[in-house]
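Remarks on the structure that follows.
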Amino acid sequence: MIVTVSERMGRVMPSATSEVLGLAASLKEAGRDIISLGAGEPDFDTPEHIKQAAIDAIHAGVTKYTAIDGTSSLKAAIQRKFKRDNGLEYEANQILVSCGAKHTLFNACMGILSPGDEAIVPAPSWVSYPDMVRVADARPVTIMTGIDSDFKITAEQLDEAITDKTRVLFLNSPSNPTGSCYTRSELKALGSVIRKHPNLIVLADDIYEHIHWADDPFCSLATACPDLIDQVVTINGVSKCYAMTGWRIGYAGGPAHVIKAMKTIQSQITSNPCSVSQVAAQAALDGDQLCVTTMKNAYKERSDFIVQALNDIPGFECREGEGAFYAYPKVSDALATLELADDTELVKLLVEEADVVTVPGTPFGTPGYIRLSFACSIEALEEAANRIKRIVG
């Protein structure tokens with residue numbers, strides 16, 4: 001007898017990036033000299049002052065349940081962060097701490113979306129957005145972008161995509177997988193459309209905020225359009241910029257009624273985030289930010305290198321991003337030259353023949369691209385680029 005699973009599972013796909021990480025691990029265990037450019041994870045260790053705060057918390061017995069939505073001290077640190085970095089002021093009941101930004105986004109989808117609703121997902125997008133929407137019994141609606149538009153949607157595209165069923169817009173800047181970042185003026189243009197639809201909530205995913213190096217300073221949507229603050233849930237976390245992926249702390253600031261709904265969902269799924277991790281997150285947000293600058297500068301150096309190296313590979317076209325730690329080259333010409341059916345076949349070829357792990361662009365919503373993470377050493381990037389060039393060139 002086969003026990004069936006829910007109908008919902010027919011709409012949800014496993015994470016493509018998780019599959020790639022599993023493949024890289026299995027190949028390394030088999031003795032292959034694998035260079036993995038698949039993981040969206042900093043290669044730096046968590047800074048010492050953050051680790052020490054967690055150690056001190058353990059010795060002090062901070063190992064019990066906390067408030068579902070986070071400790072008052074961490075929420076206060078998040079309030080200070082939003083005011084300091086973004087010019088945004090939130091009350092305590094407008095802040096929610098969750099088990100990573102991914103959890104925060106999931107809470108938002110479950111708290112906002114109803115069956116039959118639509119959520120706009122600009123493509124390429126992080127692979128989990130559409131499936132979170134499907135789990136919430138809503139429908140993802142894609143707005144396509146490409147390298148020629150710097151992977152950013154326009155106000156005109158947004159206006160055309162919104163219907164009377166639209167409830168959510170995902171906006172990730174700097175972007176996974178492209179590294180593209182919206183400028184203040186571009187956000188204002190999008191705001192002019194959002195303003196016409198008061199029932200629309202924007203999930204502004206700012207997780208890569210401090211891994212940003214463009215001439216235009218980073219700007220969040222609610223900062224660019226302060227009158228829209230009641231339509232924006234601003235989402236962030238400590239995973240990327242503080243190299244704290246395993247600590248699992250994300251957070252959000254937004255309208256009190258939306259945050260309350262997200263908290264209710266969280267109360268029935270995970271309850272509070274890890275108590276020790278919350279102490280570490282507070283140390284990260286309130287502590288010396290030099291560690292963030294040091295890591296950002298390293299990512300920028302790596303970005304400069306890998307973008308040039310990829311553009312030297314026949315059939316590859318790569319734009320320089322403004323942040324995050326990904327390169328997203330267009331490889332359609334290389335596919336034609338190699339007579340490969342799609343980007344997934346190229347990724348498979350690179351693993352099998354070059355021992356280099358990348359991620360296909362198709363799961364991100366844009367076939368004909370691949371994603372490479374440069375959260376690794378320059379030496380590893382140089383060797384990876386050489387291996388790819390030997391196979392493709």
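By convention here, the chains of the structure tokens are called A, B, ... in the order presented, each chain's residues are numbered starting at 1, and ligands are numbered starting at 1 in the order presented.
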- Could you pull out the residues in range 114-255 of chain A that DSSP calls helix (DSSP H, G or I) from the backbone, as number ranges by chain? A: 128-135, 147-149, 155-161, 184-194, 221-224, 226-231, 245-247
- Item | Spatial neighbours of Cys109 in chain A, 10 Å, only C-alpha atoms, chain gap at least 5 places, as a PyMOL selection string | chain A and resi 103-104+114+119+129+132-138+167-168+203+262+265
Using only all heavy atoms, please write the residues we just selected to a file, as a compact mmCIF listing (two decimals), in the first residue's frame.
# COMPACT_ATOMS: atom_id res chain seq x y z
N HIS A 103 12.27 31.85 6.39
CA HIS A 103 11.12 31.62 7.26
C HIS A 103 10.23 32.87 7.32
O HIS A 103 9.00 32.77 7.30
CB HIS A 103 11.63 31.25 8.66
CG HIS A 103 10.56 30.89 9.64
ND1 HIS A 103 10.71 31.07 11.00
CD2 HIS A 103 9.32 30.36 9.47
CE1 HIS A 103 9.63 30.65 11.61
NE2 HIS A 103 8.77 30.22 10.72
N THR A 104 10.87 34.03 7.39
CA THR A 104 10.12 35.29 7.41
C THR A 104 9.26 35.42 6.16
O THR A 104 8.07 35.78 6.23
CB THR A 104 11.09 36.48 7.50
OG1 THR A 104 12.00 36.27 8.58
CG2 THR A 104 10.35 37.78 7.71
N SER A 114 -4.31 34.20 -0.04
CA SER A 114 -5.45 33.29 0.05
C SER A 114 -5.59 32.55 -1.28
O SER A 114 -5.04 32.98 -2.31
CB SER A 114 -6.74 34.07 0.34
OG SER A 114 -6.64 34.75 1.58
N ALA A 119 0.64 36.52 -6.86
CA ALA A 119 1.85 37.17 -6.35
C ALA A 119 2.81 37.37 -7.50
O ALA A 119 3.11 36.41 -8.24
CB ALA A 119 2.50 36.34 -5.25
N TYR A 129 10.71 31.70 -4.02
CA TYR A 129 9.54 32.59 -4.06
C TYR A 129 8.30 31.92 -4.69
O TYR A 129 7.24 31.90 -4.07
CB TYR A 129 9.85 33.87 -4.83
CG TYR A 129 10.85 34.82 -4.21
CD1 TYR A 129 11.61 35.67 -5.01
CD2 TYR A 129 11.04 34.89 -2.83
CE1 TYR A 129 12.53 36.55 -4.48
CE2 TYR A 129 11.97 35.77 -2.29
CZ TYR A 129 12.71 36.60 -3.11
OH TYR A 129 13.62 37.47 -2.59
N MET A 132 6.82 29.15 -2.47
CA MET A 132 6.15 29.66 -1.27
C MET A 132 4.73 30.12 -1.62
O MET A 132 3.78 29.90 -0.86
CB MET A 132 6.93 30.84 -0.70
CG MET A 132 8.24 30.46 -0.04
SD MET A 132 9.06 31.95 0.58
CE MET A 132 10.57 31.25 1.25
N VAL A 133 4.60 30.76 -2.76
CA VAL A 133 3.28 31.22 -3.21
C VAL A 133 2.36 30.03 -3.44
O VAL A 133 1.18 30.04 -3.03
CB VAL A 133 3.42 32.07 -4.49
CG1 VAL A 133 2.05 32.40 -5.07
CG2 VAL A 133 4.21 33.34 -4.21
N ARG A 134 2.89 28.99 -4.07
CA ARG A 134 2.07 27.81 -4.35
C ARG A 134 1.65 27.10 -3.07
O ARG A 134 0.52 26.61 -2.95
CB ARG A 134 2.84 26.86 -5.27
CG ARG A 134 3.11 27.44 -6.65
CD ARG A 134 3.77 26.42 -7.56
NE ARG A 134 4.12 27.01 -8.85
CZ ARG A 134 5.35 27.36 -9.22
NH1 ARG A 134 6.37 27.15 -8.39
NH2 ARG A 134 5.58 27.90 -10.39
N VAL A 135 2.55 27.02 -2.11
CA VAL A 135 2.20 26.40 -0.82
C VAL A 135 1.05 27.16 -0.16
O VAL A 135 0.18 26.56 0.49
CB VAL A 135 3.42 26.36 0.11
CG1 VAL A 135 3.01 25.95 1.52
CG2 VAL A 135 4.46 25.37 -0.41
N ALA A 136 1.00 28.47 -0.38
CA ALA A 136 -0.08 29.30 0.17
C ALA A 136 -1.35 29.25 -0.69
O ALA A 136 -2.28 30.03 -0.47
CB ALA A 136 0.40 30.74 0.31
N ASP A 137 -1.37 28.32 -1.68
CA ASP A 137 -2.53 28.12 -2.55
C ASP A 137 -2.83 29.33 -3.43
O ASP A 137 -3.98 29.55 -3.85
CB ASP A 137 -3.79 27.75 -1.74
CG ASP A 137 -3.66 26.39 -1.08
OD1 ASP A 137 -3.08 25.49 -1.71
OD2 ASP A 137 -4.12 26.24 0.07
N ALA A 138 -1.81 30.13 -3.70
CA ALA A 138 -1.96 31.26 -4.61
C ALA A 138 -1.17 30.98 -5.89
O ALA A 138 -0.54 29.93 -6.03
CB ALA A 138 -1.47 32.54 -3.94
N ARG A 167 -1.95 40.39 -4.82
CA ARG A 167 -1.84 40.75 -3.40
C ARG A 167 -0.40 41.00 -2.97
O ARG A 167 -0.16 41.70 -1.99
CB ARG A 167 -2.44 39.63 -2.54
CG ARG A 167 -3.94 39.51 -2.62
CD ARG A 167 -4.61 40.62 -1.84
NE ARG A 167 -4.53 40.38 -0.40
CZ ARG A 167 -3.92 41.17 0.48
NH1 ARG A 167 -3.32 42.28 0.09
NH2 ARG A 167 -3.91 40.88 1.77
N VAL A 168 0.57 40.39 -3.68
CA VAL A 168 1.96 40.46 -3.25
C VAL A 168 2.87 40.74 -4.44
O VAL A 168 2.64 40.25 -5.55
CB VAL A 168 2.39 39.14 -2.57
CG1 VAL A 168 3.91 39.00 -2.48
CG2 VAL A 168 1.79 39.03 -1.17
N LEU A 203 6.85 42.57 -0.59
CA LEU A 203 7.82 41.90 0.26
C LEU A 203 9.21 42.31 -0.23
O LEU A 203 9.71 41.79 -1.22
CB LEU A 203 7.63 40.38 0.20
CG LEU A 203 6.24 39.86 0.61
CD1 LEU A 203 6.20 38.34 0.58
CD2 LEU A 203 5.84 40.38 1.98
N MET A 262 1.71 37.17 10.52
CA MET A 262 2.94 36.39 10.38
C MET A 262 3.34 35.74 11.70
O MET A 262 3.78 34.59 11.75
CB MET A 262 4.07 37.29 9.86
CG MET A 262 3.84 37.80 8.44
SD MET A 262 4.96 39.17 7.98
CE MET A 262 6.57 38.39 8.09
N ILE A 265 1.13 32.68 12.37
CA ILE A 265 1.62 31.52 11.60
C ILE A 265 2.83 30.91 12.29
O ILE A 265 2.92 29.69 12.49
CB ILE A 265 1.97 31.94 10.17
CG1 ILE A 265 0.72 32.37 9.39
CG2 ILE A 265 2.71 30.83 9.42
CD1 ILE A 265 -0.26 31.27 9.12
- Message: From a backbone DSSP assignment, name each residue in range 160-364 of chain A labelled strand (DSSP E), as a PyMOL selection string.
- Response: chain A and resi 166-172+201-205+232-237+250-253+326-327+356-357+359-360
- Considering only C-alpha atoms, return as number ranges by chain whatever protein or nucleic-acid residues lie within 6 Å of range 328-339 of chain A, sequence-local ones (same chain, fewer than 4 positions apart) excluded. A: 178, 315-318, 368-371
- Item | Surrounding residues of Cys376 in chain A excluding itself and chain neighbours under 4 positions, 9 Å, only C-alpha atoms, as a PyMOL selection string | chain A and resi 36-37+42-44+299+302+380-381
Under the rule of at most 10 Å, produce a per-residue listing of range 271-321 of chain A near range 77-92 of chain A: chain, number, name, the closest pair of atoms, and the distance in Å, as a tab-separated table, using only C-alpha atoms.
residue	atom	partner	partner_atom	distance
A:Ala281	CA	A:Ala77	CA	8.9
A:Gln282	CA	A:Ala77	CA	6.0
A:Ala283	CA	A:Ala77	CA	8.8
A:Ala284	CA	A:Ala77	CA	9.4
A:Leu285	CA	A:Ala77	CA	6.5
A:Asp286	CA	A:Ala77	CA	6.4
Atoms kept (N, CA, C and O atoms) for selection, written as a tab-separated table (two decimals), in the first residue's frame:
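Final output, again_27.tsv:
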chain	number	residue	atom	x	y	z
A	281	ALA	N	22.67	37.60	17.17
A	281	ALA	CA	22.17	38.55	16.18
A	281	ALA	C	22.17	39.97	16.73
A	281	ALA	O	22.49	40.93	16.01
A	282	GLN	N	21.82	40.11	18.00
A	282	GLN	CA	21.87	41.45	18.60
A	282	GLN	C	23.30	41.98	18.62
A	282	GLN	O	23.54	43.16	18.33
A	283	ALA	N	24.26	41.12	18.94
A	283	ALA	CA	25.67	41.54	18.92
A	283	ALA	C	26.09	41.94	17.52
A	283	ALA	O	26.87	42.89	17.34
A	284	ALA	N	25.59	41.24	16.51
A	284	ALA	CA	25.92	41.58	15.13
A	284	ALA	C	25.37	42.96	14.76
A	284	ALA	O	26.09	43.80	14.20
A	285	LEU	N	24.11	43.20	15.06
A	285	LEU	CA	23.47	44.45	14.65
A	285	LEU	C	23.99	45.65	15.43
A	285	LEU	O	24.13	46.75	14.86
A	286	ASP	N	24.29	45.47	16.70
A	286	ASP	CA	24.71	46.59	17.54
A	286	ASP	C	26.23	46.76	17.59
A	286	ASP	O	26.72	47.80	18.05
Per residue of range 256-352 of chain A within 10 Å of range 205-222 of chain A, record the nearest atom pair and its distance in Å to one decimal, counting only C-alpha atoms, with rows in chain order and ascending residue number, as JSON lines.
{"residue": "A:Val292", "atom": "CA", "partner": "A:His210", "partner_atom": "CA", "distance": 7.2}
{"residue": "A:Thr293", "atom": "CA", "partner": "A:His210", "partner_atom": "CA", "distance": 8.1}
{"residue": "A:Met295", "atom": "CA", "partner": "A:Ile211", "partner_atom": "CA", "distance": 8.0}
{"residue": "A:Lys296", "atom": "CA", "partner": "A:Ile211", "partner_atom": "CA", "distance": 5.2}
{"residue": "A:Asn297", "atom": "CA", "partner": "A:Trp213", "partner_atom": "CA", "distance": 8.3}
{"residue": "A:Ala298", "atom": "CA", "partner": "A:Ile211", "partner_atom": "CA", "distance": 10.0}
{"residue": "A:Tyr299", "atom": "CA", "partner": "A:Ile211", "partner_atom": "CA", "distance": 7.7}
{"residue": "A:Lys300", "atom": "CA", "partner": "A:Trp213", "partner_atom": "CA", "distance": 7.1}
{"residue": "A:Gly321", "atom": "CA", "partner": "A:Ala214", "partner_atom": "CA", "distance": 8.3}
{"residue": "A:Glu322", "atom": "CA", "partner": "A:Ala214", "partner_atom": "CA", "distance": 5.0}
{"residue": "A:Gly323", "atom": "CA", "partner": "A:His212", "partner_atom": "CA", "distance": 4.0}
{"residue": "A:Ala324", "atom": "CA", "partner": "A:Ile211", "partner_atom": "CA", "distance": 5.3}
{"residue": "A:Phe325", "atom": "CA", "partner": "A:Ile211", "partner_atom": "CA", "distance": 7.7}
- Which one is closest to Met13 in chain A: A:Ser128, A:Ser26, A:Thr270, A:Thr71? Count only C-alpha atoms.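 Under the stated criterion, the closest residue is A:Ser128.
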- Note on the structure: Shortest contact to Cys99 in chain A, candidates A:Lys188, A:Asp343, A:Trp247, A:Asn236, atoms counted only C-alpha atoms, goes to A:Trp247
Shell around Ala309 in chain A at 12 Å using only C-alpha atoms, local window under 2 positions removed, as a short mmCIF file (atom, residue, chain, number, x, y, z; two decimals) with N, CA and C atoms, in the first residue's frame:
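The result, stored in around_34.cif:
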data_model
loop_
_atom_site.label_atom_id
_atom_site.label_comp_id
_atom_site.auth_asym_id
_atom_site.auth_seq_id
_atom_site.Cartn_x
_atom_site.Cartn_y
_atom_site.Cartn_z
N ARG A 302 36.32 39.84 -5.82
CA ARG A 302 35.99 38.59 -6.50
C ARG A 302 35.04 38.82 -7.68
N SER A 303 34.08 39.72 -7.47
CA SER A 303 33.15 40.06 -8.55
C SER A 303 33.90 40.61 -9.76
N ASP A 304 34.80 41.54 -9.51
CA ASP A 304 35.57 42.13 -10.62
C ASP A 304 36.31 41.03 -11.39
N PHE A 305 36.88 40.09 -10.65
CA PHE A 305 37.65 39.03 -11.31
C PHE A 305 36.76 38.10 -12.12
N ILE A 306 35.71 37.57 -11.49
CA ILE A 306 34.94 36.52 -12.15
C ILE A 306 34.13 37.05 -13.33
N VAL A 307 33.64 38.28 -13.24
CA VAL A 307 32.90 38.84 -14.37
C VAL A 307 33.79 38.95 -15.60
N ASN A 311 33.44 36.71 -19.10
CA ASN A 311 33.30 37.36 -20.40
C ASN A 311 34.40 36.96 -21.37
N ASP A 312 35.48 36.37 -20.87
CA ASP A 312 36.55 35.86 -21.73
C ASP A 312 36.27 34.45 -22.24
N ILE A 313 35.19 33.84 -21.76
CA ILE A 313 34.83 32.49 -22.21
C ILE A 313 33.90 32.60 -23.42
N PRO A 314 34.20 31.95 -24.53
CA PRO A 314 33.35 32.03 -25.73
C PRO A 314 31.91 31.63 -25.42
N PHE A 316 29.79 33.20 -23.50
CA PHE A 316 29.32 33.70 -22.21
C PHE A 316 29.22 35.22 -22.26
N GLU A 317 28.17 35.76 -21.67
CA GLU A 317 28.00 37.21 -21.52
C GLU A 317 27.56 37.50 -20.09
N CYS A 318 28.36 38.28 -19.37
CA CYS A 318 28.07 38.51 -17.96
C CYS A 318 28.14 40.00 -17.65
N ARG A 319 27.13 40.52 -16.97
CA ARG A 319 27.15 41.91 -16.52
C ARG A 319 27.70 41.97 -15.10
N GLU A 320 28.27 43.11 -14.77
CA GLU A 320 28.76 43.31 -13.41
C GLU A 320 27.59 43.68 -12.51
N ALA A 327 27.43 35.70 -9.87
CA ALA A 327 27.53 36.11 -11.26
C ALA A 327 26.49 35.30 -12.03
N PRO A 329 25.84 34.73 -15.79
CA PRO A 329 26.10 34.92 -17.22
C PRO A 329 25.02 34.31 -18.12
N ILE A 378 39.75 33.76 -4.50
CA ILE A 378 40.13 34.15 -5.86
C ILE A 378 40.80 32.98 -6.57
N LEU A 381 38.24 30.62 -7.81
CA LEU A 381 37.54 31.20 -8.96
C LEU A 381 38.40 31.13 -10.22
N GLU A 382 39.68 31.41 -10.07
CA GLU A 382 40.59 31.36 -11.22
C GLU A 382 40.67 29.95 -11.79
N GLU A 383 40.80 28.97 -10.92
CA GLU A 383 40.87 27.58 -11.38
C GLU A 383 39.54 27.16 -12.01
N ALA A 384 38.43 27.56 -11.42
CA ALA A 384 37.11 27.22 -11.97
C ALA A 384 36.92 27.82 -13.35
N ALA A 385 37.30 29.10 -13.51
CA ALA A 385 37.16 29.75 -14.81
C ALA A 385 38.02 29.05 -15.87
N ASN A 386 39.22 28.66 -15.50
CA ASN A 386 40.10 27.95 -16.43
C ASN A 386 39.50 26.61 -16.84
N ARG A 387 38.94 25.91 -15.88
CA ARG A 387 38.32 24.61 -16.20
C ARG A 387 37.13 24.79 -17.12
N ILE A 388 36.29 25.79 -16.83
CA ILE A 388 35.12 26.03 -17.69
C ILE A 388 35.57 26.39 -19.10
N LYS A 389 36.57 27.23 -19.20
CA LYS A 389 37.04 27.68 -20.51
C LYS A 389 37.60 26.51 -21.32
#
- Residue nearest Ile120 in chain A among A:Ala76, A:Leu169, A:Val193, A:Val359 (counting only C-alpha atoms):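 That would be A:Leu169, the residue with the smallest distance to Ile120 in chain A.
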- Query: Can you tell me, as a list of chain:residue names, what residues are no more than 9 Å from Gly365 in chain A when counting only C-alpha atoms, ignoring any on the same chain fewer than 4 positions away?
  - Reply: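 Close residues of Gly365 in chain A: A:Pro122, A:Ala123, A:Pro124, A:Ser125, A:Trp126, A:Val127, A:Thr142, A:Met144, A:Gly361.
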For the selection just defined, write its residues with N, CA, C and O atoms to a file, as a short mmCIF file (atom, residue, chain, number, x, y, z; two decimals), in the first residue's frame.
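New file result-v1.cif:
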data_model
loop_
_atom_site.label_atom_id
_atom_site.label_comp_id
_atom_site.auth_asym_id
_atom_site.auth_seq_id
_atom_site.Cartn_x
_atom_site.Cartn_y
_atom_site.Cartn_z
N PRO A 122 9.27 38.87 -10.12
CA PRO A 122 10.16 39.23 -11.23
C PRO A 122 11.20 38.13 -11.44
O PRO A 122 11.77 37.61 -10.48
N ALA A 123 11.41 37.76 -12.70
CA ALA A 123 12.39 36.72 -13.02
C ALA A 123 13.58 37.33 -13.75
O ALA A 123 13.39 38.22 -14.58
N PRO A 124 14.80 36.87 -13.44
CA PRO A 124 15.10 35.76 -12.54
C PRO A 124 14.87 36.12 -11.08
O PRO A 124 15.04 37.27 -10.68
N SER A 125 14.49 35.11 -10.30
CA SER A 125 14.21 35.33 -8.89
C SER A 125 14.77 34.17 -8.08
O SER A 125 15.04 33.09 -8.62
N TRP A 126 14.92 34.41 -6.80
CA TRP A 126 15.31 33.32 -5.90
C TRP A 126 14.31 32.19 -6.05
O TRP A 126 13.10 32.41 -6.14
N VAL A 127 14.82 30.96 -6.09
CA VAL A 127 14.00 29.82 -6.49
C VAL A 127 12.83 29.54 -5.55
O VAL A 127 11.84 28.92 -5.95
N THR A 142 4.81 35.75 -13.27
CA THR A 142 6.18 36.13 -13.57
C THR A 142 6.24 37.36 -14.46
O THR A 142 5.49 37.48 -15.43
N MET A 144 9.13 38.88 -16.76
CA MET A 144 10.43 38.47 -17.27
C MET A 144 11.36 39.68 -17.45
O MET A 144 10.94 40.75 -17.90
N GLY A 361 20.04 28.29 -14.81
CA GLY A 361 19.17 29.45 -14.71
C GLY A 361 17.70 29.13 -14.76
O GLY A 361 16.87 29.92 -14.29
#
